[in-house]
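Colleague: So here's data-v3.cif, just mmCIF, C-alpha atoms and all ligand atoms:
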```cif
data_coords
#
loop_
_atom_site.label_atom_id
_atom_site.label_comp_id
_atom_site.auth_asym_id
_atom_site.auth_seq_id
_atom_site.Cartn_x
_atom_site.Cartn_y
_atom_site.Cartn_z
CA MET A 1 0.00 0.00 0.00
CA ILE A 2 1.09 3.52 -0.75
CA ILE A 3 -0.06 6.62 1.11
CA ILE A 4 -0.02 9.85 -0.88
CA THR A 5 -0.03 12.97 1.25
CA GLN A 6 -1.71 16.24 0.36
CA PRO A 7 0.62 18.91 -1.03
CA LYS A 8 -0.10 21.00 2.07
CA ALA A 9 0.41 18.23 4.62
CA THR A 10 2.50 19.46 7.56
CA GLU A 11 5.54 17.66 8.97
CA GLU A 12 3.55 16.93 12.10
CA GLN A 13 0.73 15.32 10.10
CA ILE A 14 3.25 13.21 8.16
CA ALA A 15 4.95 12.11 11.37
CA ARG A 16 1.55 11.13 12.82
CA ILE A 17 0.73 9.03 9.73
CA VAL A 18 4.10 7.27 9.94
CA ARG A 19 3.56 6.60 13.67
CA ARG A 20 0.15 5.08 12.93
CA VAL A 21 1.67 2.77 10.29
CA ARG A 22 4.35 1.67 12.78
CA GLU A 23 1.76 1.08 15.49
CA PHE A 24 0.44 -1.67 13.25
CA GLY A 25 3.90 -3.29 13.25
CA LEU A 26 4.65 -2.22 9.67
CA ASP A 27 7.52 -0.19 8.30
CA ALA A 28 7.12 3.09 6.43
CA GLN A 29 9.42 4.24 3.64
CA ILE A 30 9.22 7.97 3.01
CA SER A 31 9.94 9.61 -0.37
CA ARG A 32 9.91 13.38 -0.50
CA GLY A 33 8.94 15.16 -3.73
CA ALA A 34 8.92 18.89 -4.31
CA THR A 35 5.23 19.17 -3.48
CA ARG A 36 4.23 16.04 -1.59
CA VAL A 37 5.40 13.02 0.32
CA ILE A 38 4.76 9.40 -0.65
CA ILE A 39 4.80 6.84 2.15
CA GLY A 40 5.36 3.25 1.10
CA VAL A 41 4.03 0.74 3.62
CA ILE A 42 6.25 -2.30 3.98
CA GLY A 43 5.06 -5.55 5.58
CA PRO A 44 1.88 -7.60 5.59
CA GLU A 45 -0.65 -4.96 4.69
CA ALA A 46 -3.59 -6.98 5.88
CA LEU A 47 -2.49 -5.80 9.32
CA LEU A 48 -3.40 -2.29 8.36
CA ARG A 49 -7.01 -1.38 8.31
CA GLU A 50 -7.22 1.21 5.55
CA LYS A 51 -9.95 3.34 7.06
CA PRO A 52 -8.15 4.85 10.06
CA ILE A 53 -5.33 6.03 7.79
CA ALA A 54 -7.49 7.32 4.94
CA THR A 55 -9.27 9.75 7.20
CA MET A 56 -6.14 11.12 8.88
CA ALA A 57 -5.27 14.77 8.36
CA GLY A 58 -2.79 15.27 5.52
CA VAL A 59 -3.71 12.08 3.61
CA GLU A 60 -4.82 12.56 0.02
CA ALA A 61 -5.13 8.97 -1.17
CA ILE A 62 -4.34 5.40 -0.30
CA VAL A 63 -3.36 3.14 -3.16
CA PRO A 64 -3.49 -0.61 -2.63
CA VAL A 65 -0.63 -2.69 -4.01
CA SER A 66 -2.46 -4.66 -6.63
CA LYS A 67 -0.12 -4.14 -9.56
CA ALA A 68 3.64 -3.82 -9.97
CA TYR A 69 2.90 -0.19 -10.80
CA LYS A 70 0.72 1.29 -8.11
CA LEU A 71 0.82 4.99 -8.75
CA ALA A 72 0.71 4.92 -12.55
CA ALA A 73 -2.19 2.44 -12.73
CA ARG A 74 -5.39 3.62 -14.34
CA ASP A 75 -7.42 2.38 -11.39
CA SER A 76 -5.43 4.48 -8.92
CA ARG A 77 -7.15 7.64 -10.21
CA GLY A 78 -8.99 9.05 -13.25
CA ALA A 79 -7.20 10.48 -16.31
CA SER A 80 -4.66 13.06 -15.21
CA THR A 81 -3.82 16.38 -16.73
CA VAL A 82 -0.26 17.65 -16.43
CA LEU A 83 0.45 21.36 -16.59
CA VAL A 84 3.46 22.42 -18.66
CA GLY A 85 3.76 26.07 -17.69
CA SER A 86 0.11 26.98 -17.99
CA VAL A 87 -0.67 24.52 -20.81
CA PRO A 88 -2.62 21.41 -19.75
CA VAL A 89 -1.56 18.14 -21.42
CA GLY A 90 -3.98 15.21 -21.11
CA GLY A 91 -7.68 15.06 -20.34
CA GLU A 92 -10.53 14.28 -22.65
CA GLU A 93 -10.71 17.25 -24.96
CA ASP A 94 -7.74 19.34 -25.89
CA VAL A 95 -4.77 18.07 -27.83
CA VAL A 96 -1.56 20.06 -27.83
CA LEU A 97 1.17 20.70 -30.37
CA ILE A 98 4.72 20.76 -29.05
CA SER A 99 7.23 21.95 -31.59
CA GLY A 100 10.66 23.40 -32.13
CA PRO A 101 14.09 22.37 -33.33
CA CYS A 102 15.96 19.26 -32.25
CA SER A 103 18.75 21.38 -30.74
CA VAL A 104 19.01 24.99 -29.69
CA GLU A 105 21.77 26.19 -32.02
CA SER A 106 21.82 29.95 -31.43
CA ARG A 107 19.76 32.71 -29.86
CA GLU A 108 18.48 33.87 -33.25
CA GLN A 109 17.62 30.33 -34.35
CA ILE A 110 15.44 29.49 -31.33
CA LEU A 111 13.76 32.91 -31.25
CA SER A 112 12.93 32.63 -34.93
CA ILE A 113 11.63 29.03 -34.74
CA ALA A 114 9.57 29.85 -31.63
CA ARG A 115 7.83 32.64 -33.57
CA ILE A 116 7.24 30.33 -36.53
CA VAL A 117 5.75 27.41 -34.61
CA LYS A 118 3.65 29.65 -32.40
CA LYS A 119 2.11 31.29 -35.44
CA SER A 120 1.16 27.88 -36.81
CA GLY A 121 -0.51 26.77 -33.57
CA ALA A 122 2.13 25.18 -31.31
CA LYS A 123 1.45 25.68 -27.60
CA ILE A 124 4.77 24.41 -26.18
CA LEU A 125 8.31 24.99 -27.43
CA ARG A 126 10.87 22.16 -27.50
CA GLY A 127 14.64 22.39 -27.97
CA GLY A 128 17.63 20.46 -26.66
CA ALA A 129 20.48 22.18 -24.82
CA PHE A 130 22.07 18.90 -23.64
CA LYS A 131 22.03 16.51 -26.58
CA PRO A 132 22.37 12.72 -26.39
CA ARG A 133 24.38 12.00 -29.54
CA THR A 134 25.47 8.61 -30.79
CA SER A 135 28.94 9.99 -31.54
CA PRO A 136 30.96 11.93 -28.98
CA TYR A 137 32.28 14.03 -31.90
CA SER A 138 28.80 15.28 -32.87
CA PHE A 139 27.33 18.58 -31.60
CA GLN A 140 26.57 18.11 -27.90
CA GLY A 141 24.36 21.17 -27.28
CA LEU A 142 24.88 24.72 -26.02
CA ARG A 143 24.27 23.73 -22.38
CA GLU A 144 23.42 26.70 -20.14
CA ASP A 145 23.62 29.19 -23.02
CA GLY A 146 21.02 27.07 -24.82
CA LEU A 147 18.79 27.13 -21.75
CA ARG A 148 19.10 30.92 -21.56
CA PHE A 149 18.09 31.25 -25.20
CA LEU A 150 15.12 28.96 -24.60
CA ALA A 151 14.01 31.09 -21.65
CA GLU A 152 14.34 34.18 -23.82
CA ALA A 153 12.22 32.51 -26.51
CA ARG A 154 9.60 31.72 -23.86
CA ALA A 155 9.60 35.33 -22.63
CA GLU A 156 9.05 36.58 -26.16
CA SER A 157 6.59 33.96 -27.43
CA GLY A 158 4.78 33.02 -24.23
CA LEU A 159 5.35 29.33 -25.06
CA PRO A 160 6.46 27.15 -22.13
CA VAL A 161 9.64 25.20 -22.72
CA ILE A 162 10.52 21.48 -22.69
CA THR A 163 14.17 20.46 -22.73
CA GLU A 164 16.10 17.25 -22.17
CA ILE A 165 18.01 16.34 -19.03
CA MET A 166 20.73 13.73 -19.46
CA ASP A 167 22.53 14.00 -16.14
CA ALA A 168 21.12 14.55 -12.65
CA ARG A 169 23.98 17.00 -12.01
CA ASP A 170 22.34 19.39 -14.50
CA LEU A 171 18.95 19.36 -12.76
CA SER A 172 19.31 22.59 -10.80
CA VAL A 173 20.50 24.61 -13.80
CA ILE A 174 17.73 23.22 -16.04
CA GLU A 175 15.14 23.92 -13.34
CA LYS A 176 16.17 27.58 -13.46
CA TYR A 177 15.08 27.94 -17.07
CA ALA A 178 12.67 25.19 -18.21
CA ASP A 179 8.99 24.35 -17.65
CA CYS A 180 9.26 20.61 -18.27
CA LEU A 181 12.09 18.07 -18.11
CA GLN A 182 12.44 15.57 -20.93
CA VAL A 183 14.00 12.19 -20.19
CA GLY A 184 15.09 10.80 -23.54
CA THR A 185 14.84 7.33 -24.97
CA ARG A 186 18.43 6.47 -24.01
CA ASN A 187 17.85 7.33 -20.37
CA MET A 188 14.44 5.76 -19.84
CA GLN A 189 15.97 3.19 -17.52
CA ASN A 190 18.56 5.45 -15.90
CA PHE A 191 16.96 4.81 -12.54
CA SER A 192 19.07 7.27 -10.57
CA LEU A 193 18.11 10.04 -13.02
CA LEU A 194 14.45 9.00 -12.76
CA LYS A 195 14.63 9.27 -8.97
CA GLU A 196 16.20 12.73 -9.19
CA VAL A 197 13.59 14.10 -11.59
CA GLY A 198 11.01 12.50 -9.30
CA ARG A 199 12.08 15.03 -6.68
CA SER A 200 11.80 18.00 -9.02
CA ARG A 201 8.94 20.49 -8.99
CA LEU A 202 8.89 20.37 -12.81
CA PRO A 203 6.76 17.93 -14.83
CA VAL A 204 8.59 15.16 -16.68
CA LEU A 205 8.13 14.05 -20.27
CA LEU A 206 9.33 10.45 -20.23
CA LYS A 207 10.18 9.03 -23.65
CA ARG A 208 9.92 5.31 -24.26
CA GLY A 209 13.26 3.54 -24.53
CA PHE A 210 13.68 2.32 -28.10
CA SER A 211 14.14 -1.22 -26.81
CA ALA A 212 11.69 -0.97 -23.94
CA THR A 213 8.35 -2.70 -23.62
CA ILE A 214 5.22 -0.85 -22.62
CA ASN A 215 5.50 -2.39 -19.18
CA ASP A 216 9.13 -1.19 -18.87
CA LEU A 217 7.96 2.35 -19.70
CA ILE A 218 5.26 2.26 -17.05
CA MET A 219 7.72 0.95 -14.45
CA SER A 220 10.08 3.82 -15.26
CA ALA A 221 7.22 6.28 -14.80
CA GLU A 222 6.56 4.59 -11.46
CA TYR A 223 10.10 5.49 -10.34
CA ILE A 224 9.32 9.18 -10.88
CA LEU A 225 5.87 8.98 -9.28
CA SER A 226 7.17 7.07 -6.27
CA GLU A 227 9.49 9.96 -5.46
CA GLY A 228 6.48 12.27 -5.19
CA ASN A 229 6.40 13.90 -8.64
CA MET A 230 2.89 13.15 -9.94
CA ASN A 231 3.38 15.13 -13.16
CA VAL A 232 4.56 12.57 -15.68
CA ILE A 233 3.74 12.50 -19.40
CA LEU A 234 4.50 9.34 -21.40
CA CYS A 235 5.83 9.59 -24.94
CA GLU A 236 5.89 6.94 -27.67
CA ARG A 237 8.81 7.82 -29.99
CA GLY A 238 9.42 4.66 -31.97
CA ILE A 239 11.08 1.37 -31.10
CA ARG A 240 13.78 -0.70 -32.77
CA THR A 241 12.43 -3.61 -34.78
CA PHE A 242 13.79 -5.70 -37.66
CA GLU A 243 12.55 -2.96 -40.03
CA THR A 244 15.24 -0.56 -41.24
CA ALA A 245 13.35 1.48 -43.85
CA ALA A 246 12.37 4.00 -41.19
CA ARG A 247 14.66 5.25 -38.38
CA TYR A 248 12.52 3.39 -35.80
CA THR A 249 9.07 1.77 -35.88
CA LEU A 250 6.31 3.97 -34.47
CA ASP A 251 4.32 1.71 -32.16
CA LEU A 252 0.92 3.35 -32.22
CA SER A 253 -0.61 0.46 -30.32
CA ALA A 254 1.24 1.89 -27.31
CA VAL A 255 -1.17 4.85 -27.23
CA PRO A 256 -4.44 3.03 -26.43
CA LEU A 257 -2.60 0.45 -24.33
CA LEU A 258 -0.88 3.06 -22.15
CA LYS A 259 -4.13 4.96 -21.78
CA ALA A 260 -5.93 1.82 -20.69
CA LYS A 261 -3.21 0.81 -18.23
CA THR A 262 -2.30 4.21 -16.76
CA HIS A 263 -3.92 7.53 -15.92
CA LEU A 264 -0.98 9.48 -17.36
CA PRO A 265 -1.17 11.67 -20.48
CA VAL A 266 0.22 9.88 -23.53
CA ILE A 267 1.86 11.76 -26.37
CA VAL A 268 3.57 10.77 -29.61
CA ASP A 269 6.78 11.98 -31.23
CA PRO A 270 6.35 10.99 -34.88
CA THR A 271 9.52 12.83 -35.92
CA HIS A 272 12.12 10.64 -34.21
CA ALA A 273 10.09 7.51 -34.97
CA ILE A 274 10.00 7.70 -38.74
CA GLY A 275 13.07 9.90 -39.04
CA LEU A 276 12.23 11.12 -42.55
CA ARG A 277 10.54 14.48 -42.95
CA GLU A 278 8.53 13.36 -45.96
CA PHE A 279 6.48 10.97 -43.82
CA VAL A 280 6.17 12.93 -40.57
CA PRO A 281 2.75 14.43 -41.56
CA GLN A 282 1.14 11.02 -42.15
CA MET A 283 2.43 9.63 -38.86
CA SER A 284 1.28 12.76 -37.02
CA LEU A 285 -2.26 12.39 -38.36
CA ALA A 286 -2.29 8.69 -37.44
CA ALA A 287 -0.99 9.40 -33.92
CA LEU A 288 -3.77 11.90 -33.27
CA ALA A 289 -6.35 9.43 -34.57
CA ALA A 290 -4.94 6.80 -32.19
CA GLY A 291 -5.68 9.11 -29.26
CA ALA A 292 -2.42 10.95 -28.52
CA ASP A 293 -2.90 13.84 -26.08
CA ALA A 294 -0.14 15.83 -27.76
CA LEU A 295 2.30 15.59 -30.65
CA MET A 296 5.93 16.57 -30.49
CA ILE A 297 7.13 17.57 -33.94
CA GLU A 298 10.56 18.92 -34.88
CA VAL A 299 10.58 22.01 -37.09
CA HIS A 300 13.64 23.81 -38.49
CA ASP A 301 13.82 26.85 -40.76
CA SER A 302 17.02 25.67 -42.44
CA PRO A 303 17.15 21.91 -41.88
CA ASP A 304 20.09 21.46 -44.27
CA LEU A 305 22.20 23.45 -41.81
CA ALA A 306 20.75 21.87 -38.64
CA LYS A 307 23.32 20.62 -36.14
CA SER A 308 21.19 17.56 -35.36
CA ASP A 309 18.29 15.66 -36.92
CA GLY A 310 18.01 17.88 -40.03
CA ASP A 311 16.65 15.02 -42.16
CA GLN A 312 13.54 14.67 -40.08
CA ALA A 313 12.69 18.30 -39.31
CA LEU A 314 9.64 19.74 -41.03
CA LEU A 315 10.04 22.96 -42.94
CA PRO A 316 7.90 25.74 -41.45
CA THR A 317 5.58 25.84 -44.49
CA ILE A 318 4.93 22.09 -44.28
CA PHE A 319 4.23 22.32 -40.55
CA ASP A 320 1.86 25.20 -41.18
CA GLU A 321 -0.02 23.21 -43.82
CA LEU A 322 -0.20 20.18 -41.55
CA VAL A 323 -1.90 21.94 -38.63
CA PRO A 324 -5.36 22.37 -40.24
CA ARG A 325 -5.30 18.69 -41.24
CA LEU A 326 -4.49 17.75 -37.65
CA ARG A 327 -7.38 19.96 -36.50
CA ALA A 328 -9.72 18.05 -38.82
CA VAL A 329 -8.61 14.69 -37.36
CA ALA A 330 -8.96 16.05 -33.82
CA ALA A 331 -12.50 17.24 -34.61
CA ALA A 332 -13.38 13.86 -36.14
CA ILE A 333 -12.58 12.13 -32.83
CA GLY A 334 -14.31 14.76 -30.70
CA ARG A 335 -11.21 16.68 -29.59
CA ASN A 336 -9.92 20.21 -30.06
CA LEU A 337 -6.61 21.42 -31.33
C1 LIG B 401 14.88 14.56 -28.92
O1 LIG B 401 13.69 14.73 -28.58
O2 LIG B 401 15.56 15.44 -29.48
C2 LIG B 401 15.49 13.25 -28.67
C3 LIG B 401 16.82 13.11 -28.63
O3 LIG B 401 14.58 12.26 -28.55
P1 LIG B 401 14.77 10.70 -28.24
O4 LIG B 401 15.31 10.62 -26.85
O5 LIG B 401 13.39 10.15 -28.40
O6 LIG B 401 15.72 10.16 -29.28
MN MN B 402 15.96 15.27 -32.38
#
```
In structure tokens, how does this file's structure come out?
Modeller:
Amino acid sequence: MIIITQPKATEEQIARIVRRVREFGLDAQISRGATRVIIGVIGPEALLREKPIATMAGVEAIVPVSKAYKLAARDSRGASTVLVGSVPVGGEEDVVLISGPCSVESREQILSIARIVKKSGAKILRGGAFKPRTSPYSFQGLREDGLRFLAEARAESGLPVITEIMDARDLSVIEKYADCLQVGTRNMQNFSLLKEVGRSRLPVLLKRGFSATINDLIMSAEYILSEGNMNVILCERGIRTFETAARYTLDLSAVPLLKAKTHLPVIVDPTHAIGLREFVPQMSLAALAAGADALMIEVHDSPDLAKSDGDQALLPTIFDELVPRLRAVAAAIGRNL
């Protein structure tokens, strides 16, 4: 059993809950997030009668241990909405476009692309300042300068910012500038990083590992949730299969499956999945039809000069033409974009 405390629970209330658990002869493991505390109850839970705990001051919810993932499970609560800045991701109605370049390359580049994608209808800006590259000789990102440029682009455009974290040591600097942390495909099972972002006040966009099963992805989300950060968004971004014609294979079945198994918002990144700009529009339309709560699409105004992922970035005109088609699909399934 897991006890989730209210964000405003006092230290005294938490101590009283822990004492009550121990009175029943059980142990309590405490995880502290930025806004709330999660108390894991260890021992034969039958000893604990749920009622006297559920009504204690400071308790928000009690989640029985019925699945390997307790906090992510659909039955632990209804569909969640996660706020990125002031933009809600998830829920029944609205779908959100997240867009921007793969990497922040310069101040001018990110300011210009932010203007472009905002004009077309994007609600959140993406851009990497710490880049996970296959080769150590490839562009690694502008680091803190990149974060500063992203924050400047947010100030000008009003778009909240998502950026990748690769190393827990960078958390405090990223927290200074960003609205949402992205954990990339290569770090989906970096459990110490997951625990660190689980203690952040920022929401986390968790991308599926390209060799990870759906269950692996949910268990990684559980690491973040179990540290007290309830704001996790799942992202399908393509998996490695025997097929080599596309960069990865977009597993759209993950969307309805994740939504049935968890209460977390589920989004799709068609760009990294197919890896070829020519086919990004088709995969974006399909992802929306499958029920994605948001799409993350890379856009670049001069992709031939891009320092990363130029082959898959949409040109601004193509992105702009795609948005009304996405709106039509959203409307056809009773959602708004
Ligand atoms: C990215 O979003 O730029 C990225 C590197 O994604 P992924 O981790 O899915 O490859
Ligand atoms: Mn990229």
Colleague: Let me make sure I understand: among A:Gly334, A:Pro256, A:Pro136, A:Gly141, which one has the smallest atom-to-atom distance to ligand MN 402 (chain B) if we use only C-alpha atoms and all ligand atoms?
Modeller: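 Nearest to ligand MN 402 (chain B): A:Gly141.
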Colleague: Is there a way to get, as an mmCIF file with C-alpha atoms, in the coordinates of the input, all residues within 7 Å of the point (16.0, 10.3, -40.2) in file coordinates, counting all atoms listed in the file?
Modeller:
```cif
data_model
loop_
_atom_site.group_PDB
_atom_site.id
_atom_site.type_symbol
_atom_site.label_atom_id
_atom_site.label_comp_id
_atom_site.auth_asym_id
_atom_site.auth_seq_id
_atom_site.Cartn_x
_atom_site.Cartn_y
_atom_site.Cartn_z
ATOM 1 C CA ARG A 247 14.660 5.250 -38.380
ATOM 2 C CA ILE A 274 10.000 7.700 -38.740
ATOM 3 C CA GLY A 275 13.070 9.900 -39.040
ATOM 4 C CA LEU A 276 12.230 11.120 -42.550
ATOM 5 C CA ASP A 309 18.290 15.660 -36.920
ATOM 6 C CA ASP A 311 16.650 15.020 -42.160
ATOM 7 C CA GLN A 312 13.540 14.670 -40.080
#
```
Colleague: Between A:Val232, A:Met219, A:Met166, A:Ile53, which residue has the minimum interatomic distance to Thr81 (chain A), considering only C-alpha atoms?
Modeller: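 Looking only at the distances to Thr81 (chain A), the closest residue turns out to be A:Val232.
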Colleague: Measuring atom to atom with all atoms listed in the file, identify which of A:Met296, A:Ile113, A:Ala153, A:Val323 is nearest to ligand LIG 401 (chain B).
Modeller: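 Using all atoms listed in the file, ligand LIG 401 (chain B) sits closest to A:Met296.
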Colleague: Could you pull the residues within 10 Å of Pro132 (chain A), counting only C-alpha atoms, minus those fewer than 2 positions along the same chain, as a PDB file with C-alpha atoms, in the coordinates of the input?
Modeller:
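Final file, around-v7.pdb:
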```
ATOM      1  CA  GLY A 128      17.630  20.460 -26.660  1.00  0.00           C
ATOM      2  CA  ALA A 129      20.480  22.180 -24.820  1.00  0.00           C
ATOM      3  CA  PHE A 130      22.070  18.900 -23.640  1.00  0.00           C
ATOM      4  CA  THR A 134      25.470   8.610 -30.790  1.00  0.00           C
ATOM      5  CA  SER A 135      28.940   9.990 -31.540  1.00  0.00           C
ATOM      6  CA  PRO A 136      30.960  11.930 -28.980  1.00  0.00           C
ATOM      7  CA  SER A 138      28.800  15.280 -32.870  1.00  0.00           C
ATOM      8  CA  PHE A 139      27.330  18.580 -31.600  1.00  0.00           C
ATOM      9  CA  GLN A 140      26.570  18.110 -27.900  1.00  0.00           C
ATOM     10  CA  GLY A 141      24.360  21.170 -27.280  1.00  0.00           C
ATOM     11  CA  GLU A 164      16.100  17.250 -22.170  1.00  0.00           C
ATOM     12  CA  ILE A 165      18.010  16.340 -19.030  1.00  0.00           C
ATOM     13  CA  MET A 166      20.730  13.730 -19.460  1.00  0.00           C
ATOM     14  CA  GLY A 184      15.090  10.800 -23.540  1.00  0.00           C
ATOM     15  CA  THR A 185      14.840   7.330 -24.970  1.00  0.00           C
ATOM     16  CA  ARG A 186      18.430   6.470 -24.010  1.00  0.00           C
ATOM     17  CA  ASN A 187      17.850   7.330 -20.370  1.00  0.00           C
TER      18      ASN A 187
END
```
Colleague: Between A:Pro52, A:Gly158, A:Pro7, A:Pro88, which is the closest to Thr35 (chain A) once you count all atoms listed in the file?
Modeller: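 So, comparing all the options, the nearest one is A:Pro7.
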Colleague: Could you tell me, counting all atoms listed in the file, which protein and nucleic acid residues lie no more than 9 Å from ligand LIG 401 (chain B), written as a count of residues only?
Modeller: 36
Colleague: Between A:Ile38, A:Val65, A:Leu337, A:Leu71, single out the one closest to Glu93 (chain A), counting all atoms listed in the file.
Modeller: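 Selected residue with least distance to Glu93 (chain A): A:Leu337.
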Colleague: Report, in Å with one decimal, the straight-line distance from CA of Asn336 (chain A) to CA of Lys123 (chain A).
Modeller: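 Computing it gives 12.9 Å between the two atoms.
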Colleague: Would you work out the distance separating CA of Ala61 (chain A) from CA of Val255 (chain A), expressed in Å to one decimal?
Modeller: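 These two atoms are separated by 26.7 Å.
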Colleague: Quick one: pull the distance between CA of Ile267 (chain A) and CA of Gly78 (chain A), Å, one decimal.
Modeller: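 Separation between CA of Ile267 (chain A) and CA of Gly78 (chain A): 17.2 Å.
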Colleague: Kindly indicate which residue among A:Ala73, A:Leu202, A:Leu315, A:Ala212 lies nearest to Pro160 (chain A), using all atoms listed in the file for the distances.
Modeller: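 Closest to Pro160 (chain A) of all the choices is A:Leu202.
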Colleague: So which residues are close to (-12.3, 16.3, -26.8), meaning at most 10 Å away in the file's coordinates with only C-alpha atoms counted, and can you show them as number ranges by chain?
Modeller: A: 91-95, 293, 330-337
Colleague: List the neighbours of Asp301 (chain A) out to 9 Å using only C-alpha atoms; skip same-chain residues closer than 4 positions along the sequence, and give me the result as a PyMOL selection string.
Modeller: chain A and resi 101+109+112-113+116+306+313-316
Colleague: What lies within 12 Å of Gly198 (chain A) using only C-alpha atoms, ignoring chain neighbours under 6 positions off, as a PDB file with C-alpha atoms, in the frame of the given file?
Modeller:
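Contents of the output file part.pdb:
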```
ATOM      1  CA  SER A  31       9.940   9.610  -0.370  1.00  0.00           C
ATOM      2  CA  ARG A  32       9.910  13.380  -0.500  1.00  0.00           C
ATOM      3  CA  GLY A  33       8.940  15.160  -3.730  1.00  0.00           C
ATOM      4  CA  ALA A  34       8.920  18.890  -4.310  1.00  0.00           C
ATOM      5  CA  THR A  35       5.230  19.170  -3.480  1.00  0.00           C
ATOM      6  CA  ARG A  36       4.230  16.040  -1.590  1.00  0.00           C
ATOM      7  CA  VAL A  37       5.400  13.020   0.320  1.00  0.00           C
ATOM      8  CA  ILE A  38       4.760   9.400  -0.650  1.00  0.00           C
ATOM      9  CA  ALA A 168      21.120  14.550 -12.650  1.00  0.00           C
ATOM     10  CA  LEU A 171      18.950  19.360 -12.760  1.00  0.00           C
ATOM     11  CA  LEU A 181      12.090  18.070 -18.110  1.00  0.00           C
ATOM     12  CA  VAL A 183      14.000  12.190 -20.190  1.00  0.00           C
ATOM     13  CA  PHE A 191      16.960   4.810 -12.540  1.00  0.00           C
ATOM     14  CA  SER A 192      19.070   7.270 -10.570  1.00  0.00           C
ATOM     15  CA  VAL A 204       8.590  15.160 -16.680  1.00  0.00           C
ATOM     16  CA  LEU A 205       8.130  14.050 -20.270  1.00  0.00           C
ATOM     17  CA  LEU A 206       9.330  10.450 -20.230  1.00  0.00           C
ATOM     18  CA  SER A 220      10.080   3.820 -15.260  1.00  0.00           C
ATOM     19  CA  ALA A 221       7.220   6.280 -14.800  1.00  0.00           C
ATOM     20  CA  GLU A 222       6.560   4.590 -11.460  1.00  0.00           C
ATOM     21  CA  TYR A 223      10.100   5.490 -10.340  1.00  0.00           C
ATOM     22  CA  ILE A 224       9.320   9.180 -10.880  1.00  0.00           C
ATOM     23  CA  LEU A 225       5.870   8.980  -9.280  1.00  0.00           C
ATOM     24  CA  SER A 226       7.170   7.070  -6.270  1.00  0.00           C
ATOM     25  CA  GLU A 227       9.490   9.960  -5.460  1.00  0.00           C
ATOM     26  CA  GLY A 228       6.480  12.270  -5.190  1.00  0.00           C
ATOM     27  CA  ASN A 229       6.400  13.900  -8.640  1.00  0.00           C
ATOM     28  CA  MET A 230       2.890  13.150  -9.940  1.00  0.00           C
ATOM     29  CA  ASN A 231       3.380  15.130 -13.160  1.00  0.00           C
ATOM     30  CA  VAL A 232       4.560  12.570 -15.680  1.00  0.00           C
TER      31      VAL A 232
END
```
